[in-house]
Amino acid sequence: MNLYLPILVLGAIAAAFAIGSVGIALVIGPRRYNRAKLEAYECGIEPAVQPVGMGRFPIKFYLTAMLFIVFDIEIVFLYPWAVTFDSLGTFALVEMGLFMATVFVAYAYVWRRGGLDWD
């Protein structure tokens with residue numbers, strides 16, 4: 001238990017700070033509510049008058065999120081490979097080349113289909 005005590009104390013301090021910050025903001029913060037502050041903000045899209053739960057969302061946001069996930073995962077695989085590159089040898093170099101080629105083919109496909117255009 002003594003081994004985990006500093007971690008528990010740090011977690012308690014972090015939780016107290018988070019709860020305290022929110023509590024203080026609620027107590028001493030300004031309360032000037034208006035219509036603009038109460039509306040949902042969706043990346044610059046002006047909210048239209050629509051029935052509750054029936055709003056349409058442009059597919060571009062989902063495509064951008066998927067592209068981010070694909071390239072983020074690529075980076076996650078590149079870091080460990082770069083750290084152990086010297087001990088892996090030529091086989092790992094060829095495998096990473098194939099992996100990068102696959103990712104760049106996907107990138108070229110998305111680019112060709114217009115997935116990166118914001119018109």
# chains A, B, ... in the order shown; residues from 1 in each chain; ligands from 1
>>> residues_around(residues="A:Val110", least_positions_apart="5", cutoff="12 Å", atoms="only C-alpha atoms", output="number ranges by chain")
A: 60, 63-64, 66-67, 70, 103-105, 115-117
>>> select_by_dssp(residues="chain A", states="helix (DSSP H, G or I)", output="NGL selection string")
:A and (5-28 or 35-38 or 59-83 or 85-88 or 90-113)
>>> residues_around(residues="A:Ile75", least_positions_apart="4", cutoff="12 Å", atoms="only C-alpha atoms", output="list in words")
Phe68, Ile69, Val70, Phe71, Tyr79, Pro80, Trp81, Ala82, Met96, Phe99, Met100 and Val103 of chain A
>>> atom_distance(atom1="atom CA of A:Gly97", atom2="atom CA of A:Ala65")
24.9 Å
>>> atom_distance(atom1="atom CA of A:Leu88", atom2="atom CA of A:Val76")
17.4 Å
